[in-house]
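**Q** Right, I'll just put the structure down here and ask away after.
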Amino acid sequence: MIETRGLTKHFKDVRAVDGIDLTVARGELVALLGPNGAGKSTTLRMLTTLIPPTSGTARVAGFDVVRRQREVRQRIGYIGQGNGAGHSQRGRDELISQGRAYGMGVRAARARAAELIDSLGLGEVADRTVATLSGGQRRRLDIAMGLIHAPGLLFLDEPSTGLDPQNRANLQEHILRLRAEHDTTIVLTTHYLDEADSMAERVIVVDHGRVIADDSPERLKAEHVGDTILLGFDTEADTTRAARVLLGRELTAYGQELKIRTQSGPRQVPGMLEDLRLAGLPAVSVEVARPTLDDVFLQLTGRSLREGGAGHQSEPTRELVEV
Ligand SMILES: Nc1ncnc2c1ncn2[C@@H]1O[C@H](COP(=O)(O)OP(=O)(O)OP(=O)(O)O)[C@@H](O)[C@H]1O
C-alpha cells in the first residue's frame, strides 16, 4: 500500500523528514509515534500528495505521489489535525456533499453516508448541524468524511488529540471496528503511547525525521526493554542471600527488594520462587513491571516521549502478586 525510499523533506535548513524508508502492507494498522516536531505530519502530508518531497520517492496505493497525484488522492482518505467539516450544515448533508465532490451519484453518496453514520455511531446526531456536535462526535464525522469514497487507505493525523479519555476510547473503538468492517489500511500519527500500544499492530518510532524503530509494540518492548521482576524479602540479609541464589541474572538489590531485568517476567517468576523456597528464602512479595512504549523510546533516544510537550501520561502496566 505504501512504499517509500529515502523520503526527505527540508524546509530551508530544517530537515523535517530525513530519508525515510517505509513499507506498509494492505490491511495493516500502523502508528507513527514521535515527539513534537519529529516529522510525522510532514511524512503524512507527503504521502497524501499535499506537499512534494525534497528528494526520495513514495508510492501510495500503487502510484507515485508526485507524478500521479490524482490517482493517489482517489484511493486515500486523509483526516488532518484541523476540523474538516463545516458548521452550519447537517452532518449527513456534509457527508453527501463530500461524496458528490468525489464524483459519486446522489443515491450512492446517500447510501454510503448512511453506512458510515451507522459504522461510526453517529445515528443520533447526523441530522443536527455540525456546530452542535461534541468534539468526539465531530472527530468521528471527520473520519466519515475521509471515508466517503471508500478509500482502501486512511491517514489519520492525531485523531484523538484534544478529546477526553472517554471520547478517545470511544473513537479508538470506532476506528478498530471500521477497519474490521471495511478492511481499511490505516496509518495514524499519535502522541499517545497507550493509543499506539493498544491499537496498532505495528509502531514506527520517528525522531528527528528518521525511523528509529519499527516493529510490533510487544516486540519493541521485549527487544529494547524487557520486563522487571521485583521480589520483596523480610530482611536486607535475606535479599543479599537471595541475590546469590539467583546469580547469573541481571539483578540489583535495593534494601529489602531485588530487581531483576528479564525478557519474559511472568514465565520466569515460578522457577525463581521455587529456587528461593528451596534455599529457605521465600519472597514476601512479587511484582512484574511490564515496559511501556515510553520506556522503549527512552531506551532508544535517552529521552522520554512524555517530556518536552509530548506530555501525555501512560502508566506502566504492573501485575502485583502477593505470595
Ligand atoms: N511549512 C513548514 N515550514 C517550515 N518548517 C516546517 C514546516 N512544516 C513543518 N516544519 C518543521 O518540520 C519539523 C517537523 O514537523 P512536523 O509537523 O512534521 O512534526 P510532527 O512530528 O508532526 O510534530 P507534532 O507532533 O508537533 O505534530 C518541525 O521542526 C517543524 O517545525
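Chains: A, B, ... in order of the C-alpha cells. Residues: from 1 per chain. Ligands: from 1, in order shown.
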How would you report the residues lying within 9 Å of ligand 1, as a PyMOL selection string, if you count only C-alpha atoms and all ligand atoms?
**A** chain A and resi 9-17+32-45+81+157-158+189-191+206-209+309-310
**Q** Which residues come within 10 Å of Asp197 of chain A, counting only C-alpha atoms, excluding same-chain residues fewer than 2 positions away, as a PDB file with C-alpha atoms, in the first residue's frame?
**A**
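The new file result.pdb reads:
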ATOM      1  CA  ALA A  31       1.035   4.074  14.245  1.00  0.00           C
ATOM      2  CA  TYR A 192      -0.480   8.898  22.959  1.00  0.00           C
ATOM      3  CA  LEU A 193       1.730   5.947  23.760  1.00  0.00           C
ATOM      4  CA  ASP A 194      -1.120   3.872  25.106  1.00  0.00           C
ATOM      5  CA  GLU A 195      -3.118   4.544  21.948  1.00  0.00           C
ATOM      6  CA  MET A 199      -4.480  -0.033  18.560  1.00  0.00           C
ATOM      7  CA  ALA A 200      -1.547  -0.599  16.274  1.00  0.00           C
ATOM      8  CA  GLU A 201      -0.056  -3.931  15.374  1.00  0.00           C
ATOM      9  CA  ARG A 202       2.982  -2.048  14.186  1.00  0.00           C
ATOM     10  CA  VAL A 203       4.598   1.026  15.681  1.00  0.00           C
ATOM     11  CA  SER A 216       5.026  -4.626  16.906  1.00  0.00           C
ATOM     12  CA  PRO A 217       4.600  -2.949  20.320  1.00  0.00           C
ATOM     13  CA  GLU A 218       5.231  -6.282  22.037  1.00  0.00           C
ATOM     14  CA  THR A 292       5.629   0.810  28.128  1.00  0.00           C
ATOM     15  CA  LEU A 293       6.412   2.257  24.721  1.00  0.00           C
TER      16      LEU A 293
END
**Q** Taking 5 positions as the minimum chain separation for residues in the same chain, which residues sit within 7 Å of Leu154 of chain A when counting only C-alpha atoms? Answer as a count of residues only.
**A** 7
**Q** From segment 50-117 of chain A, collect each residue whose DSSP state is strand (DSSP E) and return the set as a list in words.
**A**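 Residues meeting the strand (DSSP E) criterion: Ser55, Gly56, Thr57, Ala58, Arg59, Val60, Phe63, Asp64, Ile76, Gly77, Tyr78 and Ile79 of chain A.
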**Q** Identify which of the residues A:Val130, A:Leu22, A:Leu29, A:Leu47 lies closest to Ile175 of chain A, counting only C-alpha atoms when measuring atom-to-atom distances.
**A**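 Checking each candidate against Ile175 of chain A, we get A:Leu29 as the closest.
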**Q** Which of these residues is nearest to Met46 of chain A, using only C-alpha atoms: A:Phe155, A:His224, A:Arg75, A:Thr23?
**A**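 Among the listed residues, A:Phe155 lies closest to Met46 of chain A.
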**Q** Set the distance at 12 Å and use only C-alpha atoms: which residues neighbour Val269 of chain A once local chain neighbours fewer than 5 positions away are removed? I'd like the list as a PDB file with N, CA and C atoms, in the first residue's frame.
**A**
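The new file out.pdb reads:
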ATOM      1  N   ASP A 227      11.143  -7.095  30.777  1.00  0.00           N
ATOM      2  CA  ASP A 227      10.340  -6.923  31.996  1.00  0.00           C
ATOM      3  C   ASP A 227      11.248  -6.719  33.206  1.00  0.00           C
ATOM      4  N   THR A 228      10.645  -6.194  34.259  1.00  0.00           N
ATOM      5  CA  THR A 228      11.369  -6.086  35.532  1.00  0.00           C
ATOM      6  C   THR A 228      10.589  -6.852  36.588  1.00  0.00           C
ATOM      7  N   ILE A 229      11.281  -7.793  37.250  1.00  0.00           N
ATOM      8  CA  ILE A 229      10.642  -8.525  38.351  1.00  0.00           C
ATOM      9  C   ILE A 229      11.159  -7.920  39.654  1.00  0.00           C
ATOM     10  N   LEU A 230      10.239  -7.591  40.551  1.00  0.00           N
ATOM     11  CA  LEU A 230      10.634  -7.048  41.855  1.00  0.00           C
ATOM     12  C   LEU A 230      10.246  -8.061  42.919  1.00  0.00           C
ATOM     13  N   LEU A 231      11.244  -8.559  43.644  1.00  0.00           N
ATOM     14  CA  LEU A 231      10.982  -9.531  44.706  1.00  0.00           C
ATOM     15  C   LEU A 231      11.263  -8.878  46.057  1.00  0.00           C
ATOM     16  N   LEU A 246      20.019 -16.363  43.001  1.00  0.00           N
ATOM     17  CA  LEU A 246      19.567 -16.055  41.639  1.00  0.00           C
ATOM     18  C   LEU A 246      20.709 -15.546  40.748  1.00  0.00           C
ATOM     19  N   ILE A 260      15.052  -7.584  39.049  1.00  0.00           N
ATOM     20  CA  ILE A 260      15.652  -8.468  38.051  1.00  0.00           C
ATOM     21  C   ILE A 260      15.134  -8.102  36.671  1.00  0.00           C
ATOM     22  N   ARG A 261      16.040  -7.807  35.763  1.00  0.00           N
ATOM     23  CA  ARG A 261      15.641  -7.496  34.370  1.00  0.00           C
ATOM     24  C   ARG A 261      15.635  -8.798  33.588  1.00  0.00           C
ATOM     25  N   THR A 262      14.549  -9.041  32.831  1.00  0.00           N
ATOM     26  CA  THR A 262      14.455 -10.287  32.070  1.00  0.00           C
ATOM     27  C   THR A 262      13.574 -10.073  30.850  1.00  0.00           C
ATOM     28  N   GLN A 263      13.639 -10.992  29.915  1.00  0.00           N
ATOM     29  CA  GLN A 263      12.829 -10.858  28.703  1.00  0.00           C
ATOM     30  C   GLN A 263      11.383 -11.284  28.915  1.00  0.00           C
ATOM     31  N   SER A 264      11.163 -12.235  29.822  1.00  0.00           N
ATOM     32  CA  SER A 264       9.804 -12.773  29.947  1.00  0.00           C
ATOM     33  C   SER A 264       9.456 -12.942  31.417  1.00  0.00           C
ATOM     34  N   GLU A 274      10.536 -20.937  43.228  1.00  0.00           N
ATOM     35  CA  GLU A 274      10.830 -22.304  43.655  1.00  0.00           C
ATOM     36  C   GLU A 274      12.285 -22.406  44.136  1.00  0.00           C
ATOM     37  N   ASP A 275      13.226 -21.828  43.369  1.00  0.00           N
ATOM     38  CA  ASP A 275      14.638 -21.845  43.775  1.00  0.00           C
ATOM     39  C   ASP A 275      14.814 -21.184  45.137  1.00  0.00           C
ATOM     40  N   LEU A 276      14.110 -20.062  45.338  1.00  0.00           N
ATOM     41  CA  LEU A 276      14.240 -19.334  46.610  1.00  0.00           C
ATOM     42  C   LEU A 276      13.640 -20.133  47.761  1.00  0.00           C
ATOM     43  N   ALA A 283      10.135 -15.357  49.065  1.00  0.00           N
ATOM     44  CA  ALA A 283       9.859 -13.931  48.812  1.00  0.00           C
ATOM     45  C   ALA A 283       8.532 -13.578  49.475  1.00  0.00           C
ATOM     46  N   SER A 285       6.836 -10.676  48.558  1.00  0.00           N
ATOM     47  CA  SER A 285       6.001 -10.039  47.524  1.00  0.00           C
ATOM     48  C   SER A 285       6.687 -10.189  46.180  1.00  0.00           C
ATOM     49  N   VAL A 286       5.865 -10.206  45.142  1.00  0.00           N
ATOM     50  CA  VAL A 286       6.392 -10.312  43.773  1.00  0.00           C
ATOM     51  C   VAL A 286       5.635  -9.316  42.913  1.00  0.00           C
ATOM     52  N   GLU A 287       6.380  -8.600  42.119  1.00  0.00           N
ATOM     53  CA  GLU A 287       5.728  -7.666  41.213  1.00  0.00           C
ATOM     54  C   GLU A 287       6.422  -7.775  39.860  1.00  0.00           C
ATOM     55  N   VAL A 288       5.620  -7.871  38.793  1.00  0.00           N
ATOM     56  CA  VAL A 288       6.223  -7.889  37.459  1.00  0.00           C
ATOM     57  C   VAL A 288       5.822  -6.584  36.779  1.00  0.00           C
ATOM     58  N   ALA A 289       6.803  -5.754  36.441  1.00  0.00           N
ATOM     59  CA  ALA A 289       6.511  -4.495  35.753  1.00  0.00           C
ATOM     60  C   ALA A 289       6.818  -4.691  34.273  1.00  0.00           C
ATOM     61  N   GLU A 319       1.748  -5.920  37.349  1.00  0.00           N
ATOM     62  CA  GLU A 319       0.961  -7.039  37.839  1.00  0.00           C
ATOM     63  C   GLU A 319       1.475  -7.349  39.228  1.00  0.00           C
ATOM     64  N   LEU A 320       0.636  -7.157  40.216  1.00  0.00           N
ATOM     65  CA  LEU A 320       1.081  -7.345  41.586  1.00  0.00           C
ATOM     66  C   LEU A 320       0.559  -8.681  42.092  1.00  0.00           C
ATOM     67  N   VAL A 321       1.472  -9.482  42.593  1.00  0.00           N
ATOM     68  CA  VAL A 321       1.070 -10.783  43.118  1.00  0.00           C
ATOM     69  C   VAL A 321       1.592 -10.918  44.527  1.00  0.00           C
ATOM     70  N   VAL A 323       2.495 -13.106  47.702  1.00  0.00           N
ATOM     71  CA  VAL A 323       2.712 -14.558  47.904  1.00  0.00           C
ATOM     72  C   VAL A 323       2.837 -14.850  49.398  1.00  0.00           C
TER      73      VAL A 323
END
**Q** Applying 10 Å and only C-alpha atoms, which residues near Val125 of chain A remain after dropping the ones on its own chain fewer than 6 positions away? List them as a ChimeraX atom specification.
**A** /A:90-92,117,132-134,137-138,141
**Q** Find the residue from A:Glu257, A:Glu223, A:Glu250, A:Glu115 that sits nearest to Ala237 of chain A; use only C-alpha atoms when measuring.
**A**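 For Ala237 of chain A, the nearest of the given residues is A:Glu257.
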**Q** Tell me, as a ChimeraX atom specification, which residues lie within 9 Å of Pro159 of chain A, counting only C-alpha atoms; anything in the same chain fewer than 2 positions away does not count.
**A** /A:79-81,139-140,143,156-157,161-163,168,171-172,188-190
**Q** Looking at only C-alpha atoms, which of A:Thr57, A:Asn170, A:Gln299, A:Ser198 is the one that sits closest to Leu120 of chain A?
**A**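 For Leu120 of chain A, the nearest of the given residues is A:Asn170.
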**Q** What's the 12 Å shell around Gly280 of chain A, counting only C-alpha atoms, without same-chain residues fewer than 5 positions away, as a VMD selection string?
**A** chain A and resid 233 238 to 239 241 to 242 245 273 to 275
**Q** So that I have them on file, write out the residues from the current selection with N, CA and C atoms, as a PDB file, in the first residue's frame.
**A**
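Produced file selection_3.pdb, reproduced below:
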ATOM      1  N   PHE A 233      11.716  -9.148  50.288  1.00  0.00           N
ATOM      2  CA  PHE A 233      12.114 -10.095  51.339  1.00  0.00           C
ATOM      3  C   PHE A 233      11.928  -9.457  52.713  1.00  0.00           C
ATOM      4  N   ASP A 238      18.347 -11.321  53.943  1.00  0.00           N
ATOM      5  CA  ASP A 238      17.678 -12.282  53.047  1.00  0.00           C
ATOM      6  C   ASP A 238      17.822 -11.843  51.590  1.00  0.00           C
ATOM      7  N   THR A 239      17.700 -10.551  51.369  1.00  0.00           N
ATOM      8  CA  THR A 239      17.799 -10.036  49.996  1.00  0.00           C
ATOM      9  C   THR A 239      19.187 -10.348  49.429  1.00  0.00           C
ATOM     10  N   ARG A 241      21.199 -12.734  50.373  1.00  0.00           N
ATOM     11  CA  ARG A 241      21.315 -14.189  50.140  1.00  0.00           C
ATOM     12  C   ARG A 241      20.535 -14.604  48.891  1.00  0.00           C
ATOM     13  N   ALA A 242      19.353 -13.999  48.727  1.00  0.00           N
ATOM     14  CA  ALA A 242      18.527 -14.332  47.555  1.00  0.00           C
ATOM     15  C   ALA A 242      19.251 -13.952  46.267  1.00  0.00           C
ATOM     16  N   VAL A 245      21.414 -16.722  45.341  1.00  0.00           N
ATOM     17  CA  VAL A 245      20.666 -17.868  44.785  1.00  0.00           C
ATOM     18  C   VAL A 245      20.337 -17.618  43.311  1.00  0.00           C
ATOM     19  N   LEU A 273      10.834 -18.383  42.242  1.00  0.00           N
ATOM     20  CA  LEU A 273      10.229 -18.557  43.574  1.00  0.00           C
ATOM     21  C   LEU A 273      10.548 -19.944  44.124  1.00  0.00           C
ATOM     22  N   GLU A 274      10.536 -20.937  43.228  1.00  0.00           N
ATOM     23  CA  GLU A 274      10.830 -22.304  43.655  1.00  0.00           C
ATOM     24  C   GLU A 274      12.285 -22.406  44.136  1.00  0.00           C
ATOM     25  N   ASP A 275      13.226 -21.828  43.369  1.00  0.00           N
ATOM     26  CA  ASP A 275      14.638 -21.845  43.775  1.00  0.00           C
ATOM     27  C   ASP A 275      14.814 -21.184  45.137  1.00  0.00           C
TER      28      ASP A 275
END
